[in-house]
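Data from data-v4.cif: mmCIF, C-alpha atoms and all ligand atoms; chains and numbers go by the auth columns
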data_structure
#
loop_
_atom_site.group_PDB
_atom_site.id
_atom_site.type_symbol
_atom_site.label_atom_id
_atom_site.label_comp_id
_atom_site.label_asym_id
_atom_site.label_seq_id
_atom_site.Cartn_x
_atom_site.Cartn_y
_atom_site.Cartn_z
_atom_site.B_iso_or_equiv
_atom_site.auth_seq_id
_atom_site.auth_asym_id
ATOM 1 C CA MET A 1 -19.105 -0.971 4.916 0.00 502 A
ATOM 2 C CA LYS A 2 -17.458 -3.971 3.337 0.00 503 A
ATOM 3 C CA GLY A 3 -14.820 -6.036 5.076 0.00 504 A
ATOM 4 C CA SER A 4 -13.544 -5.768 8.617 0.00 505 A
ATOM 5 C CA LEU A 5 -10.146 -4.479 9.682 0.00 506 A
ATOM 6 C CA ASP A 6 -9.847 -6.760 12.709 0.00 507 A
ATOM 7 C CA THR A 7 -11.178 -10.017 11.312 0.00 508 A
ATOM 8 C CA LEU A 8 -10.370 -9.799 7.577 0.00 509 A
ATOM 9 C CA GLY A 9 -7.520 -7.260 7.490 0.00 510 A
ATOM 10 C CA TRP A 10 -9.243 -4.757 5.196 0.00 511 A
ATOM 11 C CA VAL A 11 -12.181 -2.390 5.027 0.00 512 A
ATOM 12 C CA LYS A 12 -13.753 -0.541 2.125 0.00 513 A
ATOM 13 C CA ILE A 13 -14.982 2.831 3.394 0.00 514 A
ATOM 14 C CA PRO A 14 -18.178 3.592 1.445 0.00 515 A
ATOM 15 C CA ARG A 15 -18.460 6.498 -0.952 0.00 516 A
ATOM 16 C CA SER A 16 -18.795 9.921 0.636 0.00 517 A
ATOM 17 C CA ASP A 17 -18.869 13.431 -0.759 0.00 518 A
ATOM 18 C CA ASP A 18 -15.940 14.762 1.278 0.00 519 A
ATOM 19 C CA VAL A 19 -13.653 11.919 0.150 0.00 520 A
ATOM 20 C CA LEU A 20 -14.773 12.429 -3.445 0.00 521 A
ATOM 21 C CA GLN A 21 -14.006 16.164 -3.327 0.00 522 A
ATOM 22 C CA TRP A 22 -10.573 15.568 -1.804 0.00 523 A
ATOM 23 C CA ALA A 23 -9.852 12.841 -4.387 0.00 524 A
ATOM 24 C CA ASN A 24 -10.911 15.037 -7.306 0.00 525 A
ATOM 25 C CA HIS A 25 -8.562 17.795 -6.227 0.00 526 A
ATOM 26 C CA ALA A 26 -5.731 15.341 -5.495 0.00 527 A
ATOM 27 C CA LYS A 27 -6.222 13.884 -8.981 0.00 528 A
ATOM 28 C CA SER A 28 -5.489 17.249 -10.592 0.00 529 A
ATOM 29 C CA VAL A 29 -2.329 17.531 -8.475 0.00 530 A
ATOM 30 C CA ALA A 30 -1.316 13.936 -9.277 0.00 531 A
ATOM 31 C CA ASP A 31 -1.725 14.490 -13.028 0.00 532 A
ATOM 32 C CA ASP A 32 0.977 17.179 -12.870 0.00 533 A
ATOM 33 C CA ILE A 33 3.223 15.063 -10.627 0.00 534 A
ATOM 34 C CA LEU A 34 3.274 12.227 -13.168 0.00 535 A
ATOM 35 C CA LEU A 35 4.714 14.617 -15.773 0.00 536 A
ATOM 36 C CA LEU A 36 7.391 16.336 -13.652 0.00 537 A
ATOM 37 C CA PRO A 37 10.872 15.715 -15.085 0.00 538 A
ATOM 38 C CA ASP A 38 12.341 15.796 -11.547 0.00 539 A
ATOM 39 C CA LEU A 39 10.213 12.792 -10.594 0.00 540 A
ATOM 40 C CA ARG A 40 11.014 10.615 -13.621 0.00 541 A
ATOM 41 C CA HIS A 41 13.094 8.399 -11.333 0.00 542 A
ATOM 42 C CA TRP A 42 9.908 7.021 -9.775 0.00 543 A
ATOM 43 C CA TYR A 43 8.921 5.166 -12.963 0.00 544 A
ATOM 44 C CA ARG A 44 9.527 1.391 -12.848 0.00 545 A
ATOM 45 C CA CYS A 45 8.677 -1.665 -14.928 0.00 546 A
ATOM 46 C CA GLU A 46 9.216 0.034 -18.300 0.00 547 A
ATOM 47 C CA ASP A 47 7.088 2.986 -17.244 0.00 548 A
ATOM 48 C CA THR A 48 4.053 0.872 -16.286 0.00 549 A
ATOM 49 C CA TRP A 49 4.363 1.848 -12.603 0.00 550 A
ATOM 50 C CA PHE A 50 4.992 5.264 -11.051 0.00 551 A
ATOM 51 C CA VAL A 51 5.882 4.529 -7.417 0.00 552 A
ATOM 52 C CA GLY A 52 5.695 8.149 -6.234 0.00 553 A
ATOM 53 C CA VAL A 53 6.638 7.770 -2.550 0.00 554 A
ATOM 54 C CA ASP A 54 6.156 11.032 -0.598 0.00 555 A
ATOM 55 C CA CYS A 55 5.284 12.919 -3.797 0.00 556 A
ATOM 56 C CA LEU A 56 1.950 14.469 -2.776 0.00 557 A
ATOM 57 C CA PRO A 57 2.473 18.004 -1.392 0.00 558 A
ATOM 58 C CA ASN A 58 -0.131 17.732 1.396 0.00 559 A
ATOM 59 C CA ASP A 59 0.434 19.085 4.905 0.00 560 A
ATOM 60 C CA GLU A 60 0.258 17.104 8.168 0.00 561 A
ATOM 61 C CA THR A 61 -3.517 17.296 8.173 0.00 562 A
ATOM 62 C CA GLY A 62 -3.769 15.885 4.642 0.00 563 A
ATOM 63 C CA HIS A 63 -4.762 19.235 3.174 0.00 564 A
ATOM 64 C CA LEU A 64 -3.596 20.114 -0.344 0.00 565 A
ATOM 65 C CA ALA A 65 -3.189 23.798 -1.223 0.00 566 A
ATOM 66 C CA GLY A 66 -6.224 25.112 -3.064 0.00 567 A
ATOM 67 C CA GLY A 67 -8.307 22.057 -2.226 0.00 568 A
ATOM 68 C CA PRO A 68 -10.842 20.972 0.391 0.00 569 A
ATOM 69 C CA GLU A 69 -9.886 19.978 3.945 0.00 570 A
ATOM 70 C CA TYR A 70 -8.855 16.360 4.484 0.00 571 A
ATOM 71 C CA PRO A 71 -12.067 14.313 4.728 0.00 572 A
ATOM 72 C CA GLU A 72 -13.676 13.886 8.152 0.00 573 A
ATOM 73 C CA THR A 73 -14.972 10.555 6.868 0.00 574 A
ATOM 74 C CA LEU A 74 -11.412 9.223 6.677 0.00 575 A
ATOM 75 C CA LYS A 75 -10.329 10.708 10.013 0.00 576 A
ATOM 76 C CA ALA A 76 -13.173 8.840 11.694 0.00 577 A
ATOM 77 C CA HIS A 77 -11.617 5.494 10.709 0.00 578 A
ATOM 78 C CA VAL A 78 -7.987 5.915 11.747 0.00 579 A
ATOM 79 C CA PRO A 79 -5.906 6.979 14.777 0.00 580 A
ATOM 80 C CA ASP A 80 -5.090 10.674 14.945 0.00 581 A
ATOM 81 C CA ILE A 81 -1.476 10.724 13.708 0.00 582 A
ATOM 82 C CA PRO A 82 0.090 13.548 11.629 0.00 583 A
ATOM 83 C CA LEU A 83 0.253 12.634 7.946 0.00 584 A
ATOM 84 C CA HIS A 84 3.382 12.433 5.797 0.00 585 A
ATOM 85 C CA ALA A 85 3.459 13.552 2.178 0.00 586 A
ATOM 86 C CA GLY A 86 1.230 11.005 0.466 0.00 587 A
ATOM 87 C CA GLN A 87 2.364 8.428 -2.061 0.00 588 A
ATOM 88 C CA VAL A 88 1.043 8.878 -5.597 0.00 589 A
ATOM 89 C CA SER A 89 0.946 5.393 -7.090 0.00 590 A
ATOM 90 C CA ALA A 90 -0.001 5.146 -10.759 0.00 591 A
ATOM 91 C CA ILE A 91 -0.370 1.876 -12.661 0.00 592 A
ATOM 92 C CA PHE A 92 -0.441 1.988 -16.437 0.00 593 A
ATOM 93 C CA PRO A 93 -1.761 -0.475 -19.047 0.00 594 A
ATOM 94 C CA GLY A 94 0.593 -3.423 -19.441 0.00 595 A
ATOM 95 C CA TYR A 95 1.773 -3.517 -15.805 0.00 596 A
ATOM 96 C CA PRO A 96 3.982 -5.305 -14.831 0.00 597 A
ATOM 97 C CA LYS A 97 6.735 -5.137 -17.407 0.00 598 A
ATOM 98 C CA PRO A 98 10.086 -6.424 -16.104 0.00 599 A
ATOM 99 C CA VAL A 99 12.434 -4.201 -14.135 0.00 600 A
ATOM 100 C CA GLU A 100 15.849 -3.894 -15.752 0.00 601 A
ATOM 101 C CA GLY A 101 18.480 -6.041 -14.043 0.00 602 A
ATOM 102 C CA GLU A 102 15.884 -7.912 -12.002 0.00 603 A
ATOM 103 C CA SER A 103 15.908 -11.695 -11.600 0.00 604 A
ATOM 104 C CA GLU A 104 13.405 -13.826 -13.459 0.00 605 A
ATOM 105 C CA ALA A 105 12.033 -15.002 -10.099 0.00 606 A
ATOM 106 C CA ALA A 106 11.271 -11.423 -9.061 0.00 607 A
ATOM 107 C CA ALA A 107 9.502 -10.724 -12.360 0.00 608 A
ATOM 108 C CA ARG A 108 7.507 -13.934 -11.983 0.00 609 A
ATOM 109 C CA TYR A 109 6.577 -13.031 -8.389 0.00 610 A
ATOM 110 C CA ARG A 110 5.148 -9.730 -9.593 0.00 611 A
ATOM 111 C CA ILE A 111 2.996 -11.468 -12.216 0.00 612 A
ATOM 112 C CA LYS A 112 1.971 -14.600 -10.306 0.00 613 A
ATOM 113 C CA ARG A 113 1.843 -13.245 -6.744 0.00 614 A
ATOM 114 C CA ASP A 114 1.014 -9.577 -7.312 0.00 615 A
ATOM 115 C CA ALA A 115 4.381 -8.632 -5.748 0.00 616 A
ATOM 116 C CA ALA A 116 2.749 -9.419 -2.388 0.00 617 A
ATOM 117 C CA HIS A 117 4.416 -7.901 0.652 0.00 618 A
ATOM 118 C CA VAL A 118 3.910 -6.482 4.124 0.00 619 A
ATOM 119 C CA ASP A 119 4.762 -2.778 4.287 0.00 620 A
ATOM 120 C CA GLY A 120 7.593 -1.536 6.456 0.00 621 A
ATOM 121 C CA LEU A 121 9.819 -4.662 6.379 0.00 622 A
ATOM 122 C CA LEU A 122 12.746 -3.367 4.407 0.00 623 A
ATOM 123 C CA PRO A 123 15.522 -5.529 2.927 0.00 624 A
ATOM 124 C CA GLU A 124 19.007 -4.635 4.142 0.00 625 A
ATOM 125 C CA GLY A 125 22.439 -5.493 2.797 0.00 626 A
ATOM 126 C CA ALA A 126 23.512 -7.707 -0.090 0.00 627 A
ATOM 127 C CA ASP A 127 21.608 -10.707 1.301 0.00 628 A
ATOM 128 C CA ARG A 128 18.463 -8.577 1.652 0.00 629 A
ATOM 129 C CA ARG A 129 17.640 -9.534 5.262 0.00 630 A
ATOM 130 C CA ARG A 130 14.303 -7.996 6.203 0.00 631 A
ATOM 131 C CA LYS A 131 13.829 -5.941 9.332 0.00 632 A
ATOM 132 C CA LEU A 132 10.996 -3.755 10.571 0.00 633 A
ATOM 133 C CA LYS A 133 12.110 -0.243 9.699 0.00 634 A
ATOM 134 C CA GLU A 134 8.787 1.583 9.382 0.00 635 A
ATOM 135 C CA PRO A 135 6.173 0.702 12.030 0.00 636 A
ATOM 136 C CA HIS A 136 3.115 1.903 10.130 0.00 637 A
ATOM 137 C CA ALA A 137 -0.086 2.446 12.068 0.00 638 A
ATOM 138 C CA TYR A 138 -2.293 1.704 9.047 0.00 639 A
ATOM 139 C CA ILE A 139 -2.367 1.776 5.246 0.00 640 A
ATOM 140 C CA LEU A 140 -5.016 3.941 3.620 0.00 641 A
ATOM 141 C CA GLY A 141 -5.542 3.923 -0.156 0.00 642 A
ATOM 142 C CA ILE A 142 -7.624 6.735 -1.643 0.00 643 A
ATOM 143 C CA PRO A 143 -8.567 6.068 -5.285 0.00 644 A
ATOM 144 C CA LEU A 144 -8.189 9.111 -7.534 0.00 645 A
ATOM 145 C CA THR A 145 -9.393 7.518 -10.779 0.00 646 A
ATOM 146 C CA SER A 146 -12.183 5.296 -11.999 0.00 647 A
ATOM 147 C CA ASN A 147 -10.867 2.209 -13.832 0.00 648 A
ATOM 148 C CA PRO A 148 -12.120 -1.200 -14.926 0.00 649 A
ATOM 149 C CA SER A 149 -12.029 -3.618 -11.984 0.00 650 A
ATOM 150 C CA ASN A 150 -9.402 -5.784 -13.726 0.00 651 A
ATOM 151 C CA ALA A 151 -7.019 -2.856 -14.248 0.00 652 A
ATOM 152 C CA SER A 152 -4.456 -3.623 -11.514 0.00 653 A
ATOM 153 C CA PRO A 153 -6.622 -3.417 -8.398 0.00 654 A
ATOM 154 C CA LEU A 154 -5.122 -3.666 -4.918 0.00 655 A
ATOM 155 C CA VAL A 155 -5.037 -7.291 -3.772 0.00 656 A
ATOM 156 C CA VAL A 156 -5.143 -8.573 -0.205 0.00 657 A
ATOM 157 C CA TRP A 157 -4.823 -11.999 1.364 0.00 658 A
ATOM 158 C CA GLU A 158 -7.762 -12.058 3.694 0.00 659 A
ATOM 159 C CA LYS A 159 -6.914 -12.782 7.372 0.00 660 A
ATOM 160 C CA SER A 160 -3.199 -12.821 6.504 0.00 661 A
ATOM 161 C CA HIS A 161 -2.683 -10.097 9.138 0.00 662 A
ATOM 162 C CA LEU A 162 -3.443 -12.681 11.842 0.00 663 A
ATOM 163 C CA ILE A 163 -0.845 -15.152 10.535 0.00 664 A
ATOM 164 C CA MET A 164 1.714 -12.368 10.111 0.00 665 A
ATOM 165 C CA ARG A 165 1.104 -10.899 13.546 0.00 666 A
ATOM 166 C CA ASP A 166 1.655 -14.299 15.203 0.00 667 A
ATOM 167 C CA ALA A 167 4.896 -14.781 13.270 0.00 668 A
ATOM 168 C CA PHE A 168 6.214 -11.305 14.148 0.00 669 A
ATOM 169 C CA ALA A 169 5.135 -11.578 17.794 0.00 670 A
ATOM 170 C CA LYS A 170 7.098 -14.815 18.061 0.00 671 A
ATOM 171 C CA ALA A 171 10.157 -13.237 16.429 0.00 672 A
ATOM 172 C CA PHE A 172 9.992 -10.248 18.816 0.00 673 A
ATOM 173 C CA ASP A 173 9.424 -12.411 21.901 0.00 674 A
ATOM 174 C CA GLY A 174 11.609 -11.128 24.742 0.00 675 A
ATOM 175 C CA VAL A 175 12.890 -8.187 22.684 0.00 676 A
ATOM 176 C CA ALA A 176 12.073 -4.636 23.805 0.00 677 A
ATOM 177 C CA PRO A 177 10.259 -2.528 21.159 0.00 678 A
ATOM 178 C CA GLU A 178 13.239 -0.168 20.863 0.00 679 A
ATOM 179 C CA HIS A 179 15.263 -3.116 19.517 0.00 680 A
ATOM 180 C CA TRP A 180 12.649 -4.555 17.134 0.00 681 A
ATOM 181 C CA SER A 181 14.291 -2.841 14.177 0.00 682 A
ATOM 182 C CA GLU A 182 17.393 -5.030 14.739 0.00 683 A
ATOM 183 C CA VAL A 183 15.519 -8.352 14.615 0.00 684 A
ATOM 184 C CA ASP A 184 15.986 -10.312 11.401 0.00 685 A
ATOM 185 C CA LEU A 185 12.428 -11.161 10.309 0.00 686 A
ATOM 186 C CA THR A 186 13.334 -12.690 6.953 0.00 687 A
ATOM 187 C CA ASP A 187 12.713 -16.365 7.740 0.00 688 A
ATOM 188 C CA ALA A 188 9.626 -15.757 9.892 0.00 689 A
ATOM 189 C CA TYR A 189 8.201 -13.486 7.201 0.00 690 A
ATOM 190 C CA HIS A 190 8.885 -15.895 4.336 0.00 691 A
ATOM 191 C CA SER A 191 7.339 -18.891 6.044 0.00 692 A
ATOM 192 C CA ALA A 192 4.318 -16.846 7.174 0.00 693 A
ATOM 193 C CA ARG A 193 3.896 -15.560 3.632 0.00 694 A
ATOM 194 C CA HIS A 194 3.973 -19.123 2.336 0.00 695 A
ATOM 195 C CA ARG A 195 1.204 -20.039 4.790 0.00 696 A
ATOM 196 C CA CYS A 196 -0.853 -17.014 3.695 0.00 697 A
ATOM 197 C CA PHE A 197 -0.650 -18.040 0.038 0.00 698 A
ATOM 198 C CA ASN A 198 -1.851 -21.537 0.967 0.00 699 A
ATOM 199 C CA GLU A 199 -4.466 -20.696 3.559 0.00 700 A
ATOM 200 C CA CYS A 200 -5.871 -17.231 2.807 0.00 701 A
ATOM 201 C CA ASP A 201 -8.284 -16.094 0.126 0.00 702 A
ATOM 202 C CA ARG A 202 -6.761 -13.731 -2.426 0.00 703 A
ATOM 203 C CA VAL A 203 -9.242 -10.872 -2.792 0.00 704 A
ATOM 204 C CA GLU A 204 -9.081 -8.106 -5.407 0.00 705 A
ATOM 205 C CA LEU A 205 -10.274 -4.717 -4.137 0.00 706 A
ATOM 206 C CA PRO A 206 -11.055 -2.354 -6.996 0.00 707 A
ATOM 207 C CA ALA A 207 -12.401 0.934 -5.641 0.00 708 A
ATOM 208 C CA GLU A 208 -13.814 4.162 -7.017 0.00 709 A
ATOM 209 C CA PRO A 209 -13.145 7.830 -6.230 0.00 710 A
ATOM 210 C CA GLY A 210 -15.187 8.732 -3.134 0.00 711 A
ATOM 211 C CA GLU A 211 -14.417 5.341 -1.570 0.00 712 A
ATOM 212 C CA ALA A 212 -11.269 4.401 0.342 0.00 713 A
ATOM 213 C CA LEU A 213 -9.478 1.201 1.316 0.00 714 A
ATOM 214 C CA LEU A 214 -8.118 0.750 4.801 0.00 715 A
ATOM 215 C CA ILE A 215 -5.609 -2.103 5.066 0.00 716 A
ATOM 216 C CA HIS A 216 -4.288 -3.583 8.323 0.00 717 A
ATOM 217 C CA ARG A 217 -0.576 -2.871 8.820 0.00 718 A
ATOM 218 C CA HIS A 218 0.223 -6.621 9.004 0.00 719 A
ATOM 219 C CA CYS A 219 -1.871 -7.559 5.973 0.00 720 A
ATOM 220 C CA LEU A 220 -0.156 -9.233 3.013 0.00 721 A
ATOM 221 C CA HIS A 221 -1.087 -7.186 -0.050 0.00 722 A
ATOM 222 C CA GLY A 222 0.007 -6.357 -3.575 0.00 723 A
ATOM 223 C CA MET A 223 -1.115 -5.108 -6.975 0.00 724 A
ATOM 224 C CA ALA A 224 -2.688 -7.322 -9.596 0.00 725 A
ATOM 225 C CA PRO A 225 -1.410 -7.249 -13.173 0.00 726 A
ATOM 226 C CA TRP A 226 -3.253 -4.981 -15.615 0.00 727 A
ATOM 227 C CA ASN A 227 -5.734 -7.314 -17.284 0.00 728 A
ATOM 228 C CA ALA A 228 -7.902 -4.597 -18.844 0.00 729 A
ATOM 229 C CA GLY A 229 -7.550 -2.979 -22.251 0.00 730 A
ATOM 230 C CA ASP A 230 -5.818 0.289 -22.957 0.00 731 A
ATOM 231 C CA GLY A 231 -6.959 3.227 -20.857 0.00 732 A
ATOM 232 C CA PRO A 232 -5.869 5.899 -18.392 0.00 733 A
ATOM 233 C CA PRO A 233 -3.745 4.833 -15.400 0.00 734 A
ATOM 234 C CA ARG A 234 -5.130 3.764 -12.042 0.00 735 A
ATOM 235 C CA ILE A 235 -3.933 6.441 -9.613 0.00 736 A
ATOM 236 C CA VAL A 236 -4.198 5.941 -5.859 0.00 737 A
ATOM 237 C CA ALA A 237 -2.987 8.184 -3.037 0.00 738 A
ATOM 238 C CA TYR A 238 -1.615 6.199 -0.093 0.00 739 A
ATOM 239 C CA PHE A 239 -1.035 7.266 3.489 0.00 740 A
ATOM 240 C CA ARG A 240 0.829 4.988 5.880 0.00 741 A
ATOM 241 C CA PRO A 241 1.903 7.106 8.859 0.00 742 A
ATOM 242 C CA GLU A 242 4.205 5.548 11.426 0.00 743 A
ATOM 243 C CA GLY A 243 2.856 4.956 14.910 0.00 744 A
ATOM 244 C CA PRO A 244 4.617 4.193 18.220 0.00 745 A
ATOM 245 C CA TRP A 245 6.864 1.105 17.981 0.00 746 A
ATOM 246 C CA GLN A 246 5.226 -0.649 20.916 0.00 747 A
ATOM 247 C CA ASP A 247 1.833 -0.413 19.184 0.00 748 A
ATOM 248 C CA TRP A 248 2.972 -2.208 16.028 0.00 749 A
ATOM 249 C CA ILE A 249 2.317 -5.782 17.209 0.00 750 A
HETATM 250 FE FE FE B . 2.464 -1.998 0.149 0.00 801 B
#

In structure tokens, what does this structure look like?
Amino acid sequence: MKGSLDTLGWVKIPRSDDVLQWANHAKSVADDILLLPDLRHWYRCEDTWFVGVDCLPNDETGHLAGGPEYPETLKAHVPDIPLHAGQVSAIFPGYPKPVEGESEAAARYRIKRDAAHVDGLLPEGADRRRKLKEPHAYILGIPLTSNPSNASPLVVWEKSHLIMRDAFAKAFDGVAPEHWSEVDLTDAYHSARHRCFNECDRVELPAEPGEALLIHRHCLHGMAPWNAGDGPPRIVAYFRPEGPWQDWI
């Protein structure tokens, strides 16, 4: 096992046969999803990124029709929470091309900072104030394809989850969990992110089918630009089920 969820904010779950079998079946499902006309709206960045939120037709146990049961190996690493329809994220050669209508700063952030973010803090309103809207329990990435390591791997800022947790805990101080979603986290998040860029190691985490990446819910993470040659997309299935609010900090 590489990494440590508590101390580093990420773990690579080593290759296992049950994860590989699930990933191989999910890959065949994902290949069809990427071609569905109804899901064209998920393509971004001049078709170099298919976002694919909630696109995988798995049930609450993670099972896909016609495929193997959801891997015991993965269940052993995470709390027992029903799963949502998985995300099918696909990155294509050339990522990231600009998004139409986007500011130059946003395009630059995607290239220079891997579009780094903490999941679940969603921008609201015209001034894009960020609030915790989805209290994820964990983030689990299951690679469905084998790609060169410099073809847009997941990127994490190691130990950033500790800096982020302190910042969020301070912002939520004295506020009951049922009101956390009303707390404006924008400034706390931005200054914590700045600290993470300065103080944390940026680590690229390429992974192969059969392996899986478990990312701490507070960990700053993103996707590196595609620095490899032409080739098939990197497809990853993501699960990030929501847990109880009071458990988020
Ligand atoms: Fe994310």

Who sits within 7 Å of region 698-701 of chain A, all atoms listed in the file, same chain under 3 positions skipped, as a PyMOL selection string: chain A and resi 658-661+694-695

Env. residues ligand FE 801 (chain B) / 9 Å / all atoms listed in the file / as an MDAnalysis selection string: chainID A and resid 617:621 640 721:724

Mind writing the picked residues with C-alpha atoms as a JSON list (two decimals), in the coordinates of the input?
[["chain", "number", "residue", "atom", "x", "y", "z"],
["A", 617, "ALA", "CA", 2.75, -9.42, -2.39],
["A", 618, "HIS", "CA", 4.42, -7.90, 0.65],
["A", 619, "VAL", "CA", 3.91, -6.48, 4.12],
["A", 620, "ASP", "CA", 4.76, -2.78, 4.29],
["A", 621, "GLY", "CA", 7.59, -1.54, 6.46],
["A", 640, "ILE", "CA", -2.37, 1.78, 5.25],
["A", 721, "LEU", "CA", -0.16, -9.23, 3.01],
["A", 722, "HIS", "CA", -1.09, -7.19, -0.05],
["A", 723, "GLY", "CA", 0.01, -6.36, -3.58],
["A", 724, "MET", "CA", -1.12, -5.11, -6.98]]

Region 673-680 of chain A: axis-aligned bounding box, 5 Å on each side, centre and edge lengths in Å, one decimal, as AutoDock Vina command-line options:
--center_x 12.3 --center_y -6.3 --center_z 21.8 --size_x 15.8 --size_y 22.2 --size_z 15.9

Surrounding residues of Val684 (chain A) excluding itself and chain neighbours under 5 positions, 9 Å, all atoms listed in the file, as JSON, numbers by chain: {"A": [631, 632, 633, 672, 673, 676]}

Gap from CA of His680 (chain A) to CA of Asp667 (chain A) - Å, one decimal: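 It comes out at 18.1 Å.
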
Result set, the PyMOL selection byres (((chain A and resi 630) around 12) and not hetatm) on current file, as a PyMOL selection string: chain A and resi 622-629+631-634+682-691

Residue selection dump (C-alpha atoms) as an mmCIF file, in the coordinates of the input:
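Okay, this is what ended up in out.cif:
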data_model
loop_
_atom_site.group_PDB
_atom_site.id
_atom_site.type_symbol
_atom_site.label_atom_id
_atom_site.label_comp_id
_atom_site.auth_asym_id
_atom_site.auth_seq_id
_atom_site.Cartn_x
_atom_site.Cartn_y
_atom_site.Cartn_z
ATOM 1 C CA LEU A 622 9.819 -4.662 6.379
ATOM 2 C CA LEU A 623 12.746 -3.367 4.407
ATOM 3 C CA PRO A 624 15.522 -5.529 2.927
ATOM 4 C CA GLU A 625 19.007 -4.635 4.142
ATOM 5 C CA GLY A 626 22.439 -5.493 2.797
ATOM 6 C CA ALA A 627 23.512 -7.707 -0.090
ATOM 7 C CA ASP A 628 21.608 -10.707 1.301
ATOM 8 C CA ARG A 629 18.463 -8.577 1.652
ATOM 9 C CA ARG A 631 14.303 -7.996 6.203
ATOM 10 C CA LYS A 632 13.829 -5.941 9.332
ATOM 11 C CA LEU A 633 10.996 -3.755 10.571
ATOM 12 C CA LYS A 634 12.110 -0.243 9.699
ATOM 13 C CA SER A 682 14.291 -2.841 14.177
ATOM 14 C CA GLU A 683 17.393 -5.030 14.739
ATOM 15 C CA VAL A 684 15.519 -8.352 14.615
ATOM 16 C CA ASP A 685 15.986 -10.312 11.401
ATOM 17 C CA LEU A 686 12.428 -11.161 10.309
ATOM 18 C CA THR A 687 13.334 -12.690 6.953
ATOM 19 C CA ASP A 688 12.713 -16.365 7.740
ATOM 20 C CA ALA A 689 9.626 -15.757 9.892
ATOM 21 C CA TYR A 690 8.201 -13.486 7.201
ATOM 22 C CA HIS A 691 8.885 -15.895 4.336
#

Selected residue, from A:Leu540, A:Leu506, A:Ile592, A:Leu521, that lies nearest to His662 (chain A) when counting all atoms listed in the file: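 Closest residue, counting all atoms listed in the file: A:Leu506.
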
Separation of CA of Ile716 (chain A) from CA of Gly510 (chain A) in Å: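 Separation between CA of Gly510 (chain A) and CA of Ile716 (chain A): 6.0 Å.
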
What are the closest atom pairs, with distances in Å to one decimal, for each residue of region 589-657 of chain A lying within 10 Å of region 569-584 of chain A, using all atoms listed in the file, rows by chain and rising residue number, as a tab-separated table?
residue	atom	partner	partner_atom	distance
A:Ala638	CA	A:Pro580	CA	7.9
A:Tyr639	CA	A:Val579	CA	7.6
A:Ile640	CA	A:Val579	CA	9.5
A:Leu641	CA	A:Leu575	CA	8.8
A:Ile643	CA	A:Leu575	CA	9.5

Selected region 513-541 of chain A, written as a PDB file, in the first residue's frame, C-alpha atoms:
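Output saved as result.pdb:
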ATOM      1  CA  LYS A 513      -3.129   3.765  -3.558  1.00  0.00           C
ATOM      2  CA  ILE A 514      -4.929   0.450  -3.044  1.00  0.00           C
ATOM      3  CA  PRO A 515      -2.706  -2.218  -4.635  1.00  0.00           C
ATOM      4  CA  ARG A 516      -3.782  -4.241  -7.639  1.00  0.00           C
ATOM      5  CA  SER A 517      -6.317  -6.974  -6.964  1.00  0.00           C
ATOM      6  CA  ASP A 518      -8.230  -9.346  -9.199  1.00  0.00           C
ATOM      7  CA  ASP A 519     -11.706  -8.323  -8.029  1.00  0.00           C
ATOM      8  CA  VAL A 520     -11.023  -4.626  -8.700  1.00  0.00           C
ATOM      9  CA  LEU A 521      -9.569  -5.500 -12.101  1.00  0.00           C
ATOM     10  CA  GLN A 522     -12.642  -7.542 -13.072  1.00  0.00           C
ATOM     11  CA  TRP A 523     -15.015  -4.785 -11.965  1.00  0.00           C
ATOM     12  CA  ALA A 524     -12.924  -2.178 -13.826  1.00  0.00           C
ATOM     13  CA  ASN A 525     -12.842  -4.228 -17.029  1.00  0.00           C
ATOM     14  CA  HIS A 526     -16.610  -4.534 -17.061  1.00  0.00           C
ATOM     15  CA  ALA A 527     -17.094  -0.861 -16.137  1.00  0.00           C
ATOM     16  CA  LYS A 528     -14.774   0.068 -19.013  1.00  0.00           C
ATOM     17  CA  SER A 529     -17.076  -1.606 -21.534  1.00  0.00           C
ATOM     18  CA  VAL A 530     -20.026   0.301 -20.049  1.00  0.00           C
ATOM     19  CA  ALA A 531     -18.063   3.578 -20.027  1.00  0.00           C
ATOM     20  CA  ASP A 532     -17.077   3.195 -23.690  1.00  0.00           C
ATOM     21  CA  ASP A 533     -20.773   3.263 -24.635  1.00  0.00           C
ATOM     22  CA  ILE A 534     -21.523   6.163 -22.272  1.00  0.00           C
ATOM     23  CA  LEU A 535     -18.915   8.361 -23.966  1.00  0.00           C
ATOM     24  CA  LEU A 536     -20.755   7.947 -27.285  1.00  0.00           C
ATOM     25  CA  LEU A 537     -24.346   8.513 -26.099  1.00  0.00           C
ATOM     26  CA  PRO A 538     -25.883  11.555 -27.815  1.00  0.00           C
ATOM     27  CA  ASP A 539     -27.957  12.275 -24.674  1.00  0.00           C
ATOM     28  CA  LEU A 540     -24.759  12.750 -22.672  1.00  0.00           C
ATOM     29  CA  ARG A 541     -22.966  15.068 -25.111  1.00  0.00           C
TER      30      ARG A 541
END
